[in-house]
Amino acid sequence: MSIYEEFGVQPIINGVGPATRLGGTIMDDEVLAAMADAARHYVKIDELQDAAGRFIGELTGAESGYVTSGAAAGLALSAAACMTGLDPVRINQLPNPAGMKHEILIHRTHRYDYDHAYRSVGATLVEFGFPDAVHPYALESAIGERTAAVAYYPTPSRVALPLPVVVEIAHRYDLAVIVDAALEVPPIANLRTFIEQGADLVVFSGGKAFRGPQASGFVCGRADLIRAIGFHHQDMDVHPETWTYRDMIEEGQITGPPHHGIGRQMKVGKEEIIGLLVALRRYFAQDRDKEHADWTWRCTAIAENLQGLPGVEVEIVDGFSRAGAVPSVLISLDEASLGKTAFDVLRALQDGEPRIFLNEERAWKGQIGISPMELGDEDLPVIATRIRSLLEVGE
Ligand SMILES: *Cc1c(COP(=O)(O)O)cnc(C)c1O
């Protein structure tokens, strides 16, 4: 019996992977213990964020870093930082962007559900390129007086200029490039790749592969922009005389302290900050090859149990959403001969006992995916048995 049942909610089996709507990921005991310890002490949040920034900077090769309440919050704060810099008047003014650079350029192919995060702080997205072809001049000609930054979504499945080309053009016009890398780890090398390629701000999710708190993420990148993110995010309830960054006023770097910024409602707690840092430290200390081998083993255990069903093809693919990163089981149904669709099967699994959730990205073409990332060994026979019983002829 879990704490959820005490409140009348039934836990589920998650074969989708670290999806926010299904509870993200499960944290390891070391992370949970660190969060419990963090919850027992008071700490100055800006000092904790500065320490987190140094730690994240070392891991990623960036100048600095900042912990957010998720990657989506990181995108919103990054957009805000690029629009205002350290100017307290502009910071106070958002989401009204009147009089400031507020256009964020984005490949037409990079439009997606998460671009709402950029728009939420008052930015306007300006698209460039065609769905099937993008030339460097498309980006260059889109740059204008009001351009604040360029947004980039480094998923290999979409037609886009390579990131180094985008960076070269953007930097020629003194523009920052924001990269949404929320889903780009694994592979672990991507923690540094986009910074190495010159991106100014790179955003990651903490509650996915890193197995950190579900409501955590981080931004790494240029120190001045990270400081602006901190200003947008801070809880500014003190007088300038006692403000942590009052030296910046005396040194003329900033005209005065901003009030609460657009990020104040994206609060992140001390427990999440510590949880994320410990999760990141663990991620680096662990054997990533073993993790990949475990994932493959789990996929094989399910796939072997599903062989020999008429009208059903089962294979292990090298990444369901993204090649090379996480092996997945791919089940292709001959919907006509089976007399049921992938959606029928998904619904039956969700409504059964225990409730099982699988990847529905390609259900429209009769395919179901299973990610091994959030499955325990005990889940594997349960999933296979339930799918078998739903797909066996005559059922
Ligand atoms: C998950 C995801 C996000 C949002 O991450 P959160 O940490 O849940 O806020 C943003 N962008 C992409 C591409 C994602 O996959």
# chains A, B, ... in the order shown; residues from 1 in each chain; ligands from 1
call {"tool": "residues_near_ligand", "arguments": {"ligand": "ligand 1", "cutoff": "9 Å", "atoms": "only C-alpha atoms and all ligand atoms", "output": "ChimeraX atom specification"}}
result
/A:18-21,24,68-75,112-115,117,153-155,180-184,203-208,214-218
call {"tool": "residues_around", "arguments": {"residues": "segment 241-245 of chain A", "least_positions_apart": "5", "cutoff": "9 Å", "atoms": "only C-alpha atoms", "output": "PyMOL selection string"}}
result
chain A and resi 46-47+236+257
call {"tool": "closest_residue", "arguments": {"among": "A:Pro354, A:Pro372, A:Leu161, A:Phe343", "to": "Val317 of chain A", "atoms": "only C-alpha atoms"}}
result
A:Pro372
call {"tool": "closest_residue", "arguments": {"among": "A:Pro131, A:Pro186, A:Gly122, A:Pro213", "to": "Arg288 of chain A", "atoms": "only C-alpha atoms"}}
result
A:Pro186
call {"tool": "residues_around", "arguments": {"residues": "Val89 of chain A", "least_positions_apart": "3", "cutoff": "8 Å", "atoms": "only C-alpha atoms", "output": "PyMOL selection string"}}
result
chain A and resi 92-93+258
call {"tool": "closest_atom_pairs", "arguments": {"of": "segment 205-324 of chain A", "to": "segment 166-178 of chain A", "cutoff": "10 Å", "atoms": "only C-alpha atoms", "output": "Markdown table"}}
result
| residue | atom | partner | partner_atom | distance |
| --- | --- | --- | --- | --- |
| A:Val219 | CA | A:Ile178 | CA | 9.6 |
| A:Gly221 | CA | A:Ile178 | CA | 9.2 |
| A:Arg222 | CA | A:Ala176 | CA | 9.2 |
| A:Leu225 | CA | A:Ala176 | CA | 9.1 |
call {"tool": "closest_residue", "arguments": {"among": "A:Val43, A:Glu140, A:Gln49, A:Ile226", "to": "Ala62 of chain A", "atoms": "only C-alpha atoms"}}
result
A:Ile226
call {"tool": "residues_around", "arguments": {"residues": "Val126 of chain A", "least_positions_apart": "6", "cutoff": "7 Å", "atoms": "only C-alpha atoms", "output": "VMD selection string"}}
result
chain A and resid 103 to 106
call {"tool": "atom_distance", "arguments": {"atom1": "atom CA of Val67 of chain A", "atom2": "atom CA of Glu272 of chain A"}}
result
8.5 Å
call {"tool": "select_by_dssp", "arguments": {"residues": "segment 276-369 of chain A", "states": "strand (DSSP E or B)", "output": "JSON, numbers by chain"}}
result
{"A": [312, 313, 314, 315, 316, 317, 328, 329, 330, 331, 332, 333, 356, 357, 358, 359, 367, 368, 369]}
call {"tool": "write_last_selection", "arguments": {"atoms": "C-alpha atoms", "output": "PDB file, in the first residue's frame"}}
result
ATOM      1  CA  VAL A 312       1.460  -9.022 -34.275  1.00  0.00           C
ATOM      2  CA  GLU A 313       5.049  -8.098 -35.029  1.00  0.00           C
ATOM      3  CA  VAL A 314       7.370  -7.408 -32.121  1.00  0.00           C
ATOM      4  CA  GLU A 315      10.859  -5.962 -32.417  1.00  0.00           C
ATOM      5  CA  ILE A 316      13.377  -4.125 -30.294  1.00  0.00           C
ATOM      6  CA  VAL A 317      14.219  -0.813 -31.854  1.00  0.00           C
ATOM      7  CA  SER A 328      12.373   0.233 -26.868  1.00  0.00           C
ATOM      8  CA  VAL A 329       9.919  -2.518 -27.731  1.00  0.00           C
ATOM      9  CA  LEU A 330       7.888  -1.751 -30.848  1.00  0.00           C
ATOM     10  CA  ILE A 331       4.673  -3.727 -31.371  1.00  0.00           C
ATOM     11  CA  SER A 332       3.063  -3.447 -34.811  1.00  0.00           C
ATOM     12  CA  LEU A 333      -0.519  -4.645 -35.128  1.00  0.00           C
ATOM     13  CA  ILE A 356      -0.584  -0.113 -17.686  1.00  0.00           C
ATOM     14  CA  PHE A 357       0.434   2.900 -19.773  1.00  0.00           C
ATOM     15  CA  LEU A 358       2.452   2.427 -22.987  1.00  0.00           C
ATOM     16  CA  ASN A 359       3.782   4.779 -25.657  1.00  0.00           C
ATOM     17  CA  GLN A 367       2.008   0.687 -33.367  1.00  0.00           C
ATOM     18  CA  ILE A 368       2.562   0.583 -29.620  1.00  0.00           C
ATOM     19  CA  GLY A 369       5.883   1.356 -27.936  1.00  0.00           C
TER      20      GLY A 369
END
call {"tool": "select_by_dssp", "arguments": {"residues": "segment 189-239 of chain A", "states": "helix (DSSP H, G or I)", "output": "ChimeraX atom specification"}}
result
/A:190-196,223-233
call {"tool": "closest_residue", "arguments": {"among": "A:Leu86, A:Val31, A:Cys220, A:Leu277", "to": "Met248 of chain A", "atoms": "only C-alpha atoms"}}
result
A:Leu86
call {"tool": "closest_residue", "arguments": {"among": "A:Val345, A:Leu163, A:Ala148, A:Ala384", "to": "Ala80 of chain A", "atoms": "only C-alpha atoms"}}
result
A:Ala148
call {"tool": "atom_distance", "arguments": {"atom1": "atom CA of Gly263 of chain A", "atom2": "atom CA of Gly275 of chain A"}}
result
20.4 Å
call {"tool": "residues_around", "arguments": {"residues": "Ala285 of chain A", "least_positions_apart": "5", "cutoff": "12 Å", "atoms": "only C-alpha atoms", "output": "list in words"}}
result
Leu59, Ile188, Phe210, Val278, Ala279 and Leu280 of chain A
call {"tool": "residues_around", "arguments": {"residues": "segment 95-98 of chain A", "least_positions_apart": "6", "cutoff": "10 Å", "atoms": "only C-alpha atoms", "output": "CSV table (one decimal) with N, CA, C and O atoms, in the first residue's frame"}}
result
chain,number,residue,atom,x,y,z
A,80,ALA,N,13.1,35.2,-21.1
A,80,ALA,CA,13.0,36.5,-20.3
A,80,ALA,C,14.4,37.1,-20.2
A,80,ALA,O,14.6,38.3,-20.4
A,83,MET,N,15.6,38.8,-23.3
A,83,MET,CA,14.8,40.0,-23.6
A,83,MET,C,15.2,41.2,-22.7
A,83,MET,O,15.2,42.3,-23.2
A,84,THR,N,15.6,41.0,-21.5
A,84,THR,CA,15.8,42.1,-20.5
A,84,THR,C,17.2,42.3,-20.2
A,84,THR,O,17.6,43.4,-19.8
A,119,ARG,N,6.7,31.9,-25.2
A,119,ARG,CA,5.7,32.9,-25.4
A,119,ARG,C,5.1,33.4,-24.1
A,119,ARG,O,4.6,34.6,-24.0
A,120,SER,N,5.2,32.6,-23.1
A,120,SER,CA,4.5,32.9,-21.8
A,120,SER,C,5.1,34.2,-21.1
A,120,SER,O,4.5,34.8,-20.3
A,121,VAL,N,6.3,34.5,-21.5
A,121,VAL,CA,7.0,35.7,-20.8
A,121,VAL,C,6.8,36.9,-21.6
A,121,VAL,O,7.4,38.0,-21.3
A,122,GLY,N,6.1,36.8,-22.8
A,122,GLY,CA,5.9,38.0,-23.6
A,122,GLY,C,6.7,38.0,-24.9
A,122,GLY,O,6.6,39.0,-25.7
A,123,ALA,N,7.4,37.0,-25.2
A,123,ALA,CA,8.2,36.9,-26.4
A,123,ALA,C,7.2,36.5,-27.6
A,123,ALA,O,6.2,35.9,-27.4
A,124,THR,N,7.6,37.0,-28.8
A,124,THR,CA,6.8,36.6,-30.0
A,124,THR,C,7.8,35.7,-30.8
A,124,THR,O,8.9,36.0,-31.0
A,261,GLY,N,10.1,38.9,-10.2
A,261,GLY,CA,10.1,38.9,-11.7
A,261,GLY,C,9.1,37.9,-12.2
A,261,GLY,O,8.3,37.3,-11.5
A,262,ILE,N,9.1,37.7,-13.5
A,262,ILE,CA,8.1,36.8,-14.2
A,262,ILE,C,8.3,35.4,-13.8
A,262,ILE,O,7.4,34.5,-13.9
